[in-house]
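upload.tsv (TSV, C-alpha atoms and all ligand atoms) appears below.
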chain	number	residue	atom	x	y	z
D	1	MET	CA	-13.07	16.43	-12.64
D	2	LYS	CA	-13.04	14.72	-9.23
D	3	ALA	CA	-9.98	13.91	-7.15
D	4	LEU	CA	-9.68	11.57	-4.20
D	5	VAL	CA	-6.71	11.85	-1.82
D	6	PHE	CA	-5.46	9.01	0.40
D	7	ALA	CA	-3.16	10.42	3.08
D	8	GLU	CA	-2.26	9.46	6.62
D	9	SER	CA	0.06	12.26	7.79
D	10	GLU	CA	-1.21	15.81	8.16
D	11	PRO	CA	1.51	17.43	5.97
D	12	ALA	CA	0.75	14.97	3.15
D	13	ALA	CA	-3.01	15.46	3.56
D	14	ARG	CA	-2.51	19.21	3.17
D	15	GLU	CA	-0.07	19.03	0.29
D	16	LEU	CA	-1.86	16.35	-1.73
D	17	SER	CA	-5.25	17.99	-1.21
D	18	ALA	CA	-3.77	21.33	-2.32
D	19	GLY	CA	-2.27	19.59	-5.35
D	20	ALA	CA	-5.56	17.85	-6.10
D	21	ARG	CA	-7.22	21.29	-6.08
D	22	THR	CA	-4.94	22.32	-8.99
D	23	LEU	CA	-6.17	19.30	-10.98
D	24	ALA	CA	-9.83	18.89	-10.06
D	25	ASP	CA	-13.01	20.82	-9.20
D	26	GLU	CA	-13.97	18.50	-6.35
D	27	VAL	CA	-11.52	17.16	-3.78
D	28	THR	CA	-12.26	14.42	-1.23
D	29	LEU	CA	-9.70	13.47	1.40
D	30	VAL	CA	-9.71	10.07	3.13
D	31	THR	CA	-7.51	9.75	6.18
D	32	PHE	CA	-7.20	7.69	9.35
D	33	ASP	CA	-8.64	8.83	12.70
D	34	ASP	CA	-7.96	12.57	12.95
D	35	PRO	CA	-9.51	14.81	10.31
D	36	VAL	CA	-7.52	17.60	8.66
D	37	ALA	CA	-9.57	20.81	8.44
D	38	GLY	CA	-9.71	23.31	5.61
D	39	VAL	CA	-8.02	21.27	2.88
D	40	ALA	CA	-10.74	19.46	0.90
D	41	ASP	CA	-14.42	19.78	-0.06
D	42	ARG	CA	-15.17	16.56	1.77
D	43	VAL	CA	-13.08	14.98	4.52
D	44	VAL	CA	-13.70	11.36	5.43
D	45	THR	CA	-12.03	9.63	8.39
D	46	VAL	CA	-11.59	5.91	8.85
D	47	THR	CA	-10.94	4.37	12.27
D	48	VAL	CA	-9.58	0.86	12.15
D	49	PRO	CA	-10.73	-1.29	15.10
D	50	GLU	CA	-8.18	-2.59	17.60
D	51	GLY	CA	-6.51	-5.79	16.42
D	52	HIS	CA	-6.75	-4.96	12.72
D	53	PRO	CA	-3.74	-3.66	10.80
D	54	LYS	CA	-4.45	-0.42	8.93
D	55	GLU	CA	-4.32	-2.30	5.61
D	56	ASP	CA	-7.65	-3.86	6.61
D	57	ALA	CA	-9.25	-0.50	5.84
D	58	LEU	CA	-9.18	-1.58	2.17
D	59	GLU	CA	-12.94	-2.17	1.93
D	60	THR	CA	-13.71	1.08	3.76
D	61	PHE	CA	-11.47	3.07	1.41
D	62	TYR	CA	-13.01	1.21	-1.52
D	63	GLN	CA	-16.50	2.18	-0.42
D	64	VAL	CA	-15.50	5.86	-0.39
D	65	TYR	CA	-13.85	5.39	-3.79
D	66	GLN	CA	-17.08	3.95	-5.22
D	67	ASP	CA	-19.10	6.74	-3.66
D	68	VAL	CA	-16.85	9.50	-5.06
D	69	GLN	CA	-16.17	7.94	-8.49
D	70	PRO	CA	-12.96	9.96	-8.89
D	71	ASP	CA	-11.02	10.63	-12.07
D	72	ILE	CA	-7.74	10.70	-10.21
D	73	VAL	CA	-6.53	9.30	-6.87
D	74	LEU	CA	-3.47	10.91	-5.25
D	75	VAL	CA	-1.76	8.70	-2.69
D	76	GLU	CA	0.77	9.49	0.06
D	77	PRO	CA	3.51	6.90	-0.57
D	78	THR	CA	3.37	5.08	2.77
D	79	ARG	CA	3.54	1.28	2.69
D	80	ARG	CA	-0.03	0.76	3.87
D	81	LEU	CA	-1.60	3.38	1.62
D	82	LYS	CA	0.32	2.01	-1.36
D	83	THR	CA	-1.07	-1.44	-0.50
D	84	ILE	CA	-4.64	-0.16	-0.24
D	85	ALA	CA	-4.43	2.01	-3.36
D	86	GLY	CA	-2.71	-0.72	-5.38
D	87	ARG	CA	-5.40	-3.25	-4.52
D	88	ILE	CA	-8.23	-0.85	-5.40
D	89	ALA	CA	-6.51	0.07	-8.67
D	90	ALA	CA	-6.12	-3.63	-9.52
D	91	ARG	CA	-9.81	-4.24	-8.83
D	92	GLU	CA	-10.78	-1.32	-11.02
D	93	GLY	CA	-8.26	-2.09	-13.75
D	94	ALA	CA	-6.92	1.45	-13.35
D	95	SER	CA	-3.45	2.73	-14.28
D	96	VAL	CA	-0.98	3.31	-11.44
D	97	ILE	CA	1.88	5.79	-11.68
D	98	THR	CA	4.38	5.71	-8.83
D	99	ASP	CA	6.58	8.36	-7.21
D	100	ALA	CA	5.39	11.31	-9.28
D	101	MET	CA	7.53	14.42	-8.79
D	102	ALA	CA	5.34	16.58	-11.05
D	103	LEU	CA	1.80	16.21	-12.30
D	104	ALA	CA	0.03	18.44	-14.80
D	105	ASP	CA	-2.42	17.94	-17.67
D	106	GLY	CA	-2.63	14.22	-16.87
D	107	VAL	CA	1.12	13.74	-17.38
D	108	ALA	CA	3.21	12.57	-14.41
D	109	THR	CA	6.98	12.90	-14.16
D	110	SER	CA	8.84	10.39	-12.03
D	111	MET	CA	12.30	8.91	-11.55
D	112	TYR	CA	13.24	5.47	-12.71
D	113	PHE	CA	16.24	3.14	-12.37
D	114	GLY	CA	16.97	4.59	-8.94
D	115	GLY	CA	17.08	8.13	-10.23
D	116	VAL	CA	19.30	7.50	-13.23
D	117	GLY	CA	16.53	8.70	-15.52
D	118	VAL	CA	13.29	10.66	-15.51
D	119	ARG	CA	10.21	9.42	-17.28
D	120	THR	CA	6.88	10.95	-18.13
D	121	ALA	CA	3.74	8.83	-18.14
D	122	LYS	CA	0.08	9.29	-18.91
D	123	ALA	CA	-2.62	6.91	-17.72
D	124	ALA	CA	-4.14	4.60	-20.29
D	125	THR	CA	-7.36	4.27	-18.28
D	126	PRO	CA	-10.10	6.75	-17.31
D	127	VAL	CA	-9.06	6.65	-13.64
D	128	THR	CA	-5.44	7.17	-12.58
D	129	PHE	CA	-3.84	6.29	-9.25
D	130	VAL	CA	-0.70	8.31	-8.57
D	131	THR	CA	1.65	7.97	-5.58
D	132	VAL	CA	3.14	11.41	-5.06
D	133	ALA	CA	6.59	12.33	-3.72
D	134	PRO	CA	6.73	14.96	-0.92
D	135	GLY	CA	7.29	18.48	-2.20
D	136	THR	CA	5.56	17.88	-5.54
D	137	PHE	CA	2.82	20.37	-4.67
D	138	ALA	CA	4.78	22.39	-2.10
D	139	ASP	CA	3.61	25.68	-3.59
D	140	ALA	CA	-0.11	24.81	-3.87
D	141	GLU	CA	-2.51	26.29	-1.31
D	142	PRO	CA	-5.14	24.02	0.24
D	143	SER	CA	-8.72	25.15	0.82
D	144	GLY	CA	-11.89	23.43	1.93
D	145	THR	CA	-14.37	22.57	4.64
D	146	ASP	CA	-13.77	22.29	8.38
D	147	ALA	CA	-16.41	19.55	8.63
D	148	ALA	CA	-15.48	15.89	8.60
D	149	GLU	CA	-17.48	12.68	8.44
D	150	ALA	CA	-16.46	9.42	10.05
D	151	VAL	CA	-17.36	6.38	7.97
D	152	ALA	CA	-18.08	3.00	9.50
D	153	PHE	CA	-15.30	0.42	9.16
D	154	VAL	CA	-16.19	-2.24	6.59
D	155	GLU	CA	-14.98	-5.65	7.73
D	156	PRO	CA	-12.72	-7.16	5.02
D	157	ALA	CA	-13.73	-10.58	3.66
D	158	VAL	CA	-10.16	-11.79	4.14
D	159	PRO	CA	-8.56	-9.81	6.98
D	160	LEU	CA	-4.83	-9.77	7.57
D	161	THR	CA	-3.58	-11.61	10.62
D	162	LEU	CA	-1.48	-9.53	12.96
D	163	VAL	CA	1.28	-11.89	14.05
D	164	ALA	CA	3.36	-9.54	16.19
D	165	ARG	CA	3.68	-5.87	16.88
D	166	GLU	CA	6.63	-3.81	18.04
D	167	ASP	CA	6.39	-0.09	18.67
D	168	LEU	CA	9.32	1.88	17.28
D	169	PRO	CA	10.54	5.00	19.04
D	170	PRO	CA	8.84	8.01	17.43
D	171	ALA	CA	10.95	9.75	14.78
D	172	GLU	CA	12.78	12.64	16.41
D	173	VAL	CA	12.44	14.95	13.44
D	174	ASP	CA	10.31	15.45	10.39
D	175	LEU	CA	12.96	15.89	7.70
D	176	THR	CA	10.33	16.52	5.03
D	177	ALA	CA	9.30	19.69	6.88
D	178	ALA	CA	12.86	20.91	7.64
D	179	GLU	CA	14.13	23.98	5.79
D	180	ARG	CA	17.77	23.07	6.42
D	181	VAL	CA	18.95	19.49	6.22
D	182	VAL	CA	22.36	18.03	6.98
D	183	ALA	CA	23.10	14.49	5.78
D	184	ALA	CA	25.78	12.45	7.51
D	185	GLY	CA	27.46	9.86	5.32
D	186	ARG	CA	29.84	6.94	5.60
D	187	GLY	CA	32.70	9.41	6.10
D	188	PHE	CA	31.81	9.48	9.82
D	189	ALA	CA	34.17	6.96	11.35
D	190	ALA	CA	32.10	6.12	14.43
D	191	GLU	CA	28.69	6.86	15.93
D	192	GLU	CA	30.31	9.10	18.57
D	193	GLN	CA	31.64	11.37	15.82
D	194	LEU	CA	28.05	12.23	14.88
D	195	GLY	CA	28.11	14.60	17.86
D	196	LEU	CA	30.05	16.98	15.57
D	197	ALA	CA	27.24	16.86	13.02
D	198	ARG	CA	24.61	17.38	15.75
D	199	ASP	CA	26.51	20.45	17.04
D	200	PHE	CA	26.73	21.79	13.51
D	201	CYS	CA	22.97	21.27	13.00
D	202	GLN	CA	22.22	23.03	16.26
D	203	LYS	CA	24.38	26.01	15.20
D	204	ILE	CA	22.73	26.44	11.81
D	205	GLY	CA	19.18	25.41	12.80
D	206	ALA	CA	19.16	22.24	10.68
D	207	GLU	CA	17.81	18.72	11.10
D	208	LEU	CA	20.09	15.72	10.71
D	209	GLY	CA	19.46	12.89	8.24
D	210	CYS	CA	21.85	10.40	6.69
D	211	THR	CA	22.74	8.20	3.75
D	212	ARG	CA	21.42	4.65	3.56
D	213	PRO	CA	24.51	2.84	4.90
D	214	LEU	CA	24.11	4.64	8.22
D	215	THR	CA	20.74	2.96	8.76
D	216	GLU	CA	21.45	-0.39	7.11
D	217	SER	CA	25.15	-1.26	7.44
D	218	GLU	CA	25.13	0.65	10.75
D	219	THR	CA	22.16	1.31	13.00
D	220	TRP	CA	23.11	4.86	13.91
D	221	PHE	CA	19.84	6.32	12.59
D	222	PRO	CA	16.26	5.02	12.29
D	223	ARG	CA	15.25	3.97	8.77
D	224	GLU	CA	13.00	7.05	8.53
D	225	ALA	CA	16.11	9.26	8.54
D	226	TYR	CA	17.79	8.23	5.32
D	227	ILE	CA	17.54	10.39	2.28
D	228	GLY	CA	17.33	9.26	-1.32
D	229	VAL	CA	15.42	7.33	-3.87
D	230	SER	CA	14.47	4.54	-1.50
D	231	GLY	CA	14.17	6.86	1.50
D	232	LEU	CA	13.04	10.47	1.74
D	233	ILE	CA	12.77	12.84	-1.20
D	234	LEU	CA	13.21	16.33	0.25
D	235	ASN	CA	12.73	19.88	-0.85
D	236	PRO	CA	14.82	21.93	1.62
D	237	GLU	CA	16.14	25.46	1.34
D	238	VAL	CA	19.63	24.27	2.33
D	239	TYR	CA	21.34	20.87	2.09
D	240	VAL	CA	24.76	20.02	3.56
D	241	GLY	CA	26.27	16.61	2.82
D	242	ILE	CA	29.10	15.67	5.19
D	243	GLY	CA	31.19	12.59	4.43
D	244	VAL	CA	28.75	11.78	1.62
D	245	SER	CA	30.21	10.55	-1.70
D	246	GLY	CA	27.34	11.84	-3.86
D	247	GLN	CA	25.89	8.65	-5.31
D	248	MET	CA	22.84	9.28	-7.47
D	249	GLN	CA	20.56	7.23	-5.21
D	250	HIS	CA	21.21	9.66	-2.36
D	251	MET	CA	21.45	12.89	-4.32
D	252	VAL	CA	18.04	12.57	-6.01
D	253	GLY	CA	16.62	13.05	-2.52
D	254	VAL	CA	18.15	16.51	-2.19
D	255	ASP	CA	18.73	17.80	-5.70
D	256	ARG	CA	15.83	20.22	-5.35
D	257	ALA	CA	17.55	22.06	-2.47
D	258	LYS	CA	17.91	25.76	-3.22
D	259	VAL	CA	21.51	25.89	-1.93
D	260	SER	CA	23.77	22.91	-1.35
D	261	PHE	CA	27.12	22.35	0.34
D	262	ALA	CA	29.45	19.38	0.80
D	263	ILE	CA	32.35	18.50	3.05
D	264	ASN	CA	34.47	15.56	1.92
D	265	LYS	CA	38.12	14.64	2.38
D	266	ASP	CA	38.38	13.44	-1.23
D	267	LYS	CA	38.53	16.46	-3.51
D	268	ASN	CA	37.48	14.21	-6.42
D	269	ALA	CA	34.33	12.95	-4.67
D	270	PRO	CA	31.36	13.08	-7.09
D	271	ILE	CA	29.33	15.20	-4.67
D	272	PHE	CA	31.52	18.20	-5.48
D	273	GLN	CA	30.17	18.14	-9.05
D	274	GLN	CA	26.61	18.36	-7.75
D	275	VAL	CA	26.63	21.01	-5.02
D	276	ASP	CA	26.94	24.79	-5.08
D	277	TYR	CA	29.75	24.99	-2.49
D	278	GLY	CA	32.33	22.43	-1.44
D	279	LEU	CA	34.99	22.12	1.24
D	280	ALA	CA	37.71	19.47	0.82
D	281	GLY	CA	38.77	18.37	4.28
D	282	ASP	CA	38.62	15.70	6.94
D	283	ILE	CA	35.53	15.77	9.16
D	284	ALA	CA	37.64	15.37	12.28
D	285	ASP	CA	39.69	18.38	11.31
D	286	VAL	CA	37.27	20.85	9.70
D	287	LEU	CA	33.97	20.30	11.51
D	288	PRO	CA	35.23	21.28	15.00
D	289	LYS	CA	36.74	24.42	13.46
D	290	ILE	CA	33.49	25.31	11.66
D	291	ASN	CA	31.47	24.69	14.83
D	292	ALA	CA	33.84	26.89	16.80
D	293	GLU	CA	33.42	29.73	14.31
D	294	LEU	CA	29.60	29.56	14.20
N	301	LIG	C1	18.70	0.28	-5.50
N	301	LIG	C2	19.52	1.16	-4.58
N	301	LIG	C3	18.87	2.14	-3.87
N	301	LIG	C4	19.59	2.96	-3.02
N	301	LIG	N1	18.93	3.95	-2.34
N	301	LIG	C5	19.64	4.78	-1.56
N	301	LIG	C6	18.99	5.87	-0.89
N	301	LIG	O1	17.79	6.07	-0.98
N	301	LIG	N2	19.75	6.69	-0.13
N	301	LIG	C7	21.10	6.53	0.01
N	301	LIG	O2	21.73	7.32	0.71
N	301	LIG	N3	21.72	5.51	-0.62
N	301	LIG	C8	21.04	4.65	-1.38
N	301	LIG	N4	21.69	3.64	-2.01
N	301	LIG	C9	23.12	3.46	-1.72
N	301	LIG	C10	23.98	4.40	-2.58
N	301	LIG	O3	24.20	3.83	-3.85
N	301	LIG	C11	25.31	4.67	-1.91
N	301	LIG	O4	25.94	3.45	-1.64
N	301	LIG	C12	25.22	5.46	-0.62
N	301	LIG	O5	24.43	6.61	-0.80
N	301	LIG	C13	26.62	5.89	-0.21
N	301	LIG	O6	26.56	6.46	1.06
N	301	LIG	P1	27.74	7.40	1.54
N	301	LIG	O7	27.93	8.53	0.59
N	301	LIG	O8	27.44	7.72	2.96
N	301	LIG	O9	29.01	6.41	1.59
N	301	LIG	P2	30.26	6.26	0.62
N	301	LIG	O10	29.85	6.14	-0.80
N	301	LIG	O11	31.09	5.19	1.22
N	301	LIG	O12	31.00	7.66	0.75
N	301	LIG	C14	31.65	8.10	1.91
N	301	LIG	C15	32.34	9.41	1.57
N	301	LIG	O13	32.90	9.93	2.75
N	301	LIG	C16	34.16	10.48	2.42
N	301	LIG	N5	34.95	10.41	3.64
N	301	LIG	C17	35.50	9.30	4.23
N	301	LIG	N6	36.11	9.65	5.37
N	301	LIG	C18	35.99	11.00	5.50
N	301	LIG	C19	36.42	11.94	6.46
N	301	LIG	N7	37.12	11.57	7.54
N	301	LIG	N8	36.11	13.24	6.27
N	301	LIG	C20	35.40	13.65	5.18
N	301	LIG	N9	34.96	12.79	4.22
N	301	LIG	C21	35.25	11.48	4.40
N	301	LIG	C22	34.72	9.60	1.34
N	301	LIG	O14	35.67	10.32	0.56
N	301	LIG	C23	33.48	9.24	0.56
N	301	LIG	O15	33.27	10.15	-0.53
N	301	LIG	C24	21.00	2.80	-2.86
N	301	LIG	C25	21.63	1.81	-3.60
N	301	LIG	C26	20.90	0.99	-4.44
N	301	LIG	C27	21.63	-0.07	-5.21
Step by step, read the file and then write its structure as structure tokens.
Amino acid sequence: MKALVFAESEPAARELSAGARTLADEVTLVTFDDPVAGVADRVVTVTVPEGHPKEDALETFYQVYQDVQPDIVLVEPTRRLKTIAGRIAAREGASVITDAMALADGVATSMYFGGVGVRTAKAATPVTFVTVAPGTFADAEPSGTDAAEAVAFVEPAVPLTLVAREDLPPAEVDLTAAERVVAAGRGFAAEEQLGLARDFCQKIGAELGCTRPLTESETWFPREAYIGVSGLILNPEVYVGIGVSGQMQHMVGVDRAKVSFAINKDKNAPIFQQVDYGLAGDIADVLPKINAEL
């Protein structure tokens, strides 16, 4: 069995290659620019020329796909890799399974209806493309060659036109790698009050994320910081939700935390049914006291 991995971040390249190793005898990793050593039997890097969006690497990725002839393709769920993988799968008439949280014996488990349900799926075609949620193969160990080969960029027949480009400030933290995660929710009355959450994080060695409204209704956090079904799916040791109501769409992003806590002024908030420890209280009242004690 042969596995091909499409990944663009180093943590995903490691994790997906390690996961591929549990499924296949031969693992090839395709990534952009910088190779990742020691994770796959073959590591292929693609450098996209200036002026082309990364999605234009489609033909280059496809050439590697045709060369490898994989049985399964594991894909880091970034927008551009999903675009590339989806287009190759469509060309090949291959099954696509999205957002897998577990994968074994050809059966993938993923969430559907925003996390309301869990479904299992098996590909109906000989080749399967699977986009894989972070943490799915957290326990697998990667192994492989330190050598890497750079493949020549294959010009697409119909390239995308880059209309405008705006660099975003780099994300301050990598929440997927954090062992302790605090999520700030709509219970924070103003952006300035987030200083309390930042102090708390600093005291307990945690990184700060948020619920979706804090990136969409407010712009207090970058979009990369929100946790949940349409944001980040995490696998931390510790989760603390502060001023978070506990809606399913957020909680599916943290329900694999080993220990979870919540602070909410409403003692009937749904989050209290889903965490290990809860404190009913107002942020403005309890958080300064907790910070002072820590
Ligand atoms: C298709 C879809 C996808 C979605 N995906 C996501 C997702 O990926 N991630 C996500 O987060 N959301 C997502 N949502 C939104 C989600 O349904 C919820 O609306 C959102 O998570 C609620 O955020 P919240 O808990 O911060 O706010 P609220 O639900 O408004 O809860 C605020 C909580 O703060 C408490 N509170 C208020 N004031 C205080 C105070 N002073 N002290 C202490 N507690 C206080 C309140 O009691 C309340 O429980 C999605 C929704 C849809 C429809």
Given all atoms listed in the file as the counted atoms, nearest of D:Pro288, D:Gly228, D:Gly93, D:Pro236 to ligand LIG 301 (chain N): D:Gly228
For each of D:Ala133, D:Leu279, D:Ile227, D:Val259, take the minimum atom-to-atom distance to ligand LIG 301 (chain N), counting all atoms listed in the file, then give the residue where this is smallest.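 Result for the nearest residue to ligand LIG 301 (chain N): D:Ile227.
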Nearest candidate to ligand LIG 301 (chain N) (options D:Ile271, D:Cys201, D:Val244, D:Ala18; using only C-alpha atoms and all ligand atoms):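 Residue with the minimum atom-to-atom distance to ligand LIG 301 (chain N): D:Val244.
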Given only C-alpha atoms as the basis, pick out the residue of D:Val68, D:Ala123, D:Met248, D:Leu160 nearest to Met111 (chain D).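 Closest candidate: D:Met248.
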Fewer than 5 positions away in the same chain doesn't count, so skip those; otherwise give me all residues within 9 Å of Glu207 (chain D), counting all atoms listed in the file, as an NGL selection string. :D and (173-175 or 178-183 or 198 or 201-202)
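When the distance limit is 12 Å and only C-alpha atoms are what count, the residues near Tyr62 (chain D), minus those fewer than 6 positions from it on the same chain, are Leu4, Phe6, Val30, Val46, Glu55, Asp56, Val68, Gln69, Pro70, Val73, Ile84, Ala85, Gly86, Arg87, Ile88, Ala89, Ala90, Arg91, Glu92, Val151, Phe153, Val154, Glu155 and Pro156 of chain D.
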Store the residues picked out above in a file with C-alpha atoms, as an mmCIF file, keeping the file's coordinate frame.
data_model
loop_
_atom_site.group_PDB
_atom_site.id
_atom_site.type_symbol
_atom_site.label_atom_id
_atom_site.label_comp_id
_atom_site.auth_asym_id
_atom_site.auth_seq_id
_atom_site.Cartn_x
_atom_site.Cartn_y
_atom_site.Cartn_z
ATOM 1 C CA LEU D 4 -9.680 11.570 -4.200
ATOM 2 C CA PHE D 6 -5.460 9.010 0.400
ATOM 3 C CA VAL D 30 -9.710 10.070 3.130
ATOM 4 C CA VAL D 46 -11.590 5.910 8.850
ATOM 5 C CA GLU D 55 -4.320 -2.300 5.610
ATOM 6 C CA ASP D 56 -7.650 -3.860 6.610
ATOM 7 C CA VAL D 68 -16.850 9.500 -5.060
ATOM 8 C CA GLN D 69 -16.170 7.940 -8.490
ATOM 9 C CA PRO D 70 -12.960 9.960 -8.890
ATOM 10 C CA VAL D 73 -6.530 9.300 -6.870
ATOM 11 C CA ILE D 84 -4.640 -0.160 -0.240
ATOM 12 C CA ALA D 85 -4.430 2.010 -3.360
ATOM 13 C CA GLY D 86 -2.710 -0.720 -5.380
ATOM 14 C CA ARG D 87 -5.400 -3.250 -4.520
ATOM 15 C CA ILE D 88 -8.230 -0.850 -5.400
ATOM 16 C CA ALA D 89 -6.510 0.070 -8.670
ATOM 17 C CA ALA D 90 -6.120 -3.630 -9.520
ATOM 18 C CA ARG D 91 -9.810 -4.240 -8.830
ATOM 19 C CA GLU D 92 -10.780 -1.320 -11.020
ATOM 20 C CA VAL D 151 -17.360 6.380 7.970
ATOM 21 C CA PHE D 153 -15.300 0.420 9.160
ATOM 22 C CA VAL D 154 -16.190 -2.240 6.590
ATOM 23 C CA GLU D 155 -14.980 -5.650 7.730
ATOM 24 C CA PRO D 156 -12.720 -7.160 5.020
#
Proximity to Ile283 (chain D) - best of D:Thr60, D:Asn264, D:Ser230, D:Ser143, only C-alpha atoms: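 Answer, going by the shortest atom-to-atom distance: D:Asn264.
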Sorted by chain and rising residue number, which residues of chain D lie within 9 Å of ligand LIG 301 (chain N), and what are their closest atom pairs and distances in Å to one decimal, counting only C-alpha atoms and all ligand atoms, as CSV?
residue,atom,partner,partner_atom,distance
D:Phe113,CA,N:LIG301,C1,7.8
D:Gly114,CA,N:LIG301,C1,5.8
D:Gly115,CA,N:LIG301,C3,8.9
D:Ala183,CA,N:LIG301,O8,8.5
D:Ala184,CA,N:LIG301,O8,6.8
D:Gly185,CA,N:LIG301,O8,3.2
D:Arg186,CA,N:LIG301,O8,3.7
D:Gly187,CA,N:LIG301,C17,3.4
D:Phe188,CA,N:LIG301,N7,6.1
D:Ala189,CA,N:LIG301,N7,6.7
D:Cys210,CA,N:LIG301,O2,6.7
D:Thr211,CA,N:LIG301,O2,3.3
D:Arg212,CA,N:LIG301,O2,3.9
D:Pro213,CA,N:LIG301,O6,5.7
D:Leu214,CA,N:LIG301,O8,6.9
D:Tyr226,CA,N:LIG301,N2,6.0
D:Ile227,CA,N:LIG301,N2,4.9
D:Gly228,CA,N:LIG301,O1,3.2
D:Val229,CA,N:LIG301,O1,3.9
D:Ser230,CA,N:LIG301,O1,3.7
D:Gly231,CA,N:LIG301,O1,4.5
D:Leu232,CA,N:LIG301,O1,7.0
D:Ile233,CA,N:LIG301,O1,8.4
D:Gly241,CA,N:LIG301,O7,8.5
D:Ile242,CA,N:LIG301,N9,6.6
D:Gly243,CA,N:LIG301,O13,3.6
D:Val244,CA,N:LIG301,O7,3.5
D:Ser245,CA,N:LIG301,O15,3.3
D:Gly246,CA,N:LIG301,O7,5.6
D:Gln247,CA,N:LIG301,O5,5.2
D:Met248,CA,N:LIG301,O3,6.7
D:Gln249,CA,N:LIG301,C5,4.5
D:His250,CA,N:LIG301,O2,3.9
D:Met251,CA,N:LIG301,O2,7.5
D:Val252,CA,N:LIG301,O1,8.2
D:Gly253,CA,N:LIG301,O1,7.2
D:Ile263,CA,N:LIG301,C20,6.1
D:Asn264,CA,N:LIG301,N9,3.6
D:Lys265,CA,N:LIG301,C20,4.0
D:Asp266,CA,N:LIG301,O14,4.5
D:Lys267,CA,N:LIG301,O14,7.9
D:Asn268,CA,N:LIG301,O14,8.2
D:Ala269,CA,N:LIG301,O15,5.1
D:Pro270,CA,N:LIG301,O15,7.4
D:Ile271,CA,N:LIG301,O15,7.6
D:Ala280,CA,N:LIG301,C20,7.6
D:Gly281,CA,N:LIG301,C20,5.9
D:Asp282,CA,N:LIG301,N8,3.6
D:Ile283,CA,N:LIG301,N8,3.9
D:Ala284,CA,N:LIG301,N7,6.1
D:Asp285,CA,N:LIG301,N8,8.0
D:Val286,CA,N:LIG301,N8,8.4
Residue nearest Leu234 (chain D) among D:Val43, D:Ala7, D:Val254, D:Leu74 (counting all atoms listed in the file):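 Among the listed residues, D:Val254 lies closest to Leu234 (chain D).
Taking CA of Leu162 (chain D) and CA of Phe221 (chain D) as the two end points, the separation is 26.6 Å.
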Set up a box along x, y and z of the file covering all listed atoms of region 49-60 of chain D, add 6 Å on every one of the six sides, and write the centre and edge lengths in Å to one decimal, as JSON.
{"center_x": -8.7, "center_y": -2.4, "center_z": 9.8, "size_x": 22.0, "size_y": 18.9, "size_z": 27.7}
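Computed from the coordinates, the CA of Glu8 (chain D) to CA of Val96 (chain D) distance equals 19.1 Å.
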Which distance in Å separates CA of Arg79 (chain D) and CA of Glu191 (chain D), to one decimal?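 A separation of 29.0 Å between them.
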